[in-house]
Amino acid sequence: MRLVGIILVILGVLGLGYGGFSYVTEEKIIDAGPIEVSADKQRTVWIPPVVGGIVLVSGLLLVVGGTKRD
């Protein structure tokens with residue numbers, strides 16, 4: 001459980017620091033027979049700070065709780 005806690009702490013800090021992540025998709029703009037035009041579109045997924053904080057606190061609780069039981 002301690003390893004899971006450490007991973008959650010890292011993810012929580014990254015979630016609070018970056019606030020989300022972006023990725024690129026390819027979309028068809030024109031598809032007329034043999035002619036096809038596409039464009040790359042960047043999309044962003046925002047992670048609310050509350051979620052990052054909850055993940056961080058959960059990870060800290062698992063790390064602290066895991067060391068007390070060992």
# chains A, B, ... in the order shown; residues from 1 in each chain; ligands from 1

call {"tool": "residues_around", "arguments": {"residues": "range 14-16 of chain A", "least_positions_apart": "3", "cutoff": "12 Å", "atoms": "only C-alpha atoms", "output": "number ranges by chain"}}
result
A: 7-11, 19-21, 45-57

call {"tool": "select_by_dssp", "arguments": {"residues": "range 13-63 of chain A", "states": "strand (DSSP E)", "output": "list in words"}}
result
Gly20, Phe21, Ser22, Tyr23, Val24, Thr25, Glu26, Glu27, Lys28, Ile29, Ile30, Asp31, Ala32, Ile35, Glu36, Val37, Ser38, Ala39, Asp40, Lys41, Gln42, Arg43, Thr44, Val45 and Trp46 of chain A

call {"tool": "write_last_selection", "arguments": {"atoms": "C-alpha atoms", "output": "mmCIF file, in the first residue's frame"}}
result
data_model
loop_
_atom_site.group_PDB
_atom_site.id
_atom_site.type_symbol
_atom_site.label_atom_id
_atom_site.label_comp_id
_atom_site.auth_asym_id
_atom_site.auth_seq_id
_atom_site.Cartn_x
_atom_site.Cartn_y
_atom_site.Cartn_z
ATOM 1 C CA GLY A 20 -4.248 19.120 -16.769
ATOM 2 C CA PHE A 21 -2.801 17.621 -19.905
ATOM 3 C CA SER A 22 -3.113 18.112 -23.655
ATOM 4 C CA TYR A 23 -3.250 15.715 -26.571
ATOM 5 C CA VAL A 24 -3.583 16.012 -30.361
ATOM 6 C CA THR A 25 -6.236 14.391 -32.550
ATOM 7 C CA GLU A 26 -6.500 14.312 -36.323
ATOM 8 C CA GLU A 27 -9.853 15.418 -37.751
ATOM 9 C CA LYS A 28 -11.140 15.126 -41.315
ATOM 10 C CA ILE A 29 -12.172 18.506 -42.667
ATOM 11 C CA ILE A 30 -12.998 17.530 -46.268
ATOM 12 C CA ASP A 31 -13.648 14.008 -47.528
ATOM 13 C CA ALA A 32 -14.670 14.260 -51.181
ATOM 14 C CA ILE A 35 -9.460 14.101 -51.940
ATOM 15 C CA GLU A 36 -9.142 14.130 -48.196
ATOM 16 C CA VAL A 37 -8.082 17.073 -46.046
ATOM 17 C CA SER A 38 -7.358 16.654 -42.358
ATOM 18 C CA ALA A 39 -6.049 18.874 -39.602
ATOM 19 C CA ASP A 40 -4.501 18.307 -36.212
ATOM 20 C CA LYS A 41 -6.533 19.678 -33.319
ATOM 21 C CA GLN A 42 -5.119 20.088 -29.834
ATOM 22 C CA ARG A 43 -7.448 19.202 -26.985
ATOM 23 C CA THR A 44 -6.908 19.927 -23.302
ATOM 24 C CA VAL A 45 -8.254 18.016 -20.313
ATOM 25 C CA TRP A 46 -8.291 20.179 -17.187
#

call {"tool": "residues_around", "arguments": {"residues": "Met1 in chain A", "least_positions_apart": "6", "cutoff": "8 Å", "atoms": "only C-alpha atoms", "output": "MDAnalysis selection string"}}
result
chainID A and resid 62:63 66

call {"tool": "write_last_selection", "arguments": {"atoms": "N, CA and C atoms", "output": "mmCIF file, in the first residue's frame"}}
result
data_model
loop_
_atom_site.group_PDB
_atom_site.id
_atom_site.type_symbol
_atom_site.label_atom_id
_atom_site.label_comp_id
_atom_site.auth_asym_id
_atom_site.auth_seq_id
_atom_site.Cartn_x
_atom_site.Cartn_y
_atom_site.Cartn_z
ATOM 1 N N LEU A 62 -2.002 7.136 2.865
ATOM 2 C CA LEU A 62 -1.550 5.759 2.619
ATOM 3 C C LEU A 62 -0.076 5.587 2.991
ATOM 4 N N VAL A 63 0.743 6.567 2.712
ATOM 5 C CA VAL A 63 2.167 6.466 3.062
ATOM 6 C C VAL A 63 2.336 6.448 4.573
ATOM 7 N N GLY A 66 0.742 3.302 6.028
ATOM 8 C CA GLY A 66 1.517 2.114 5.674
ATOM 9 C C GLY A 66 2.754 1.962 6.535
#
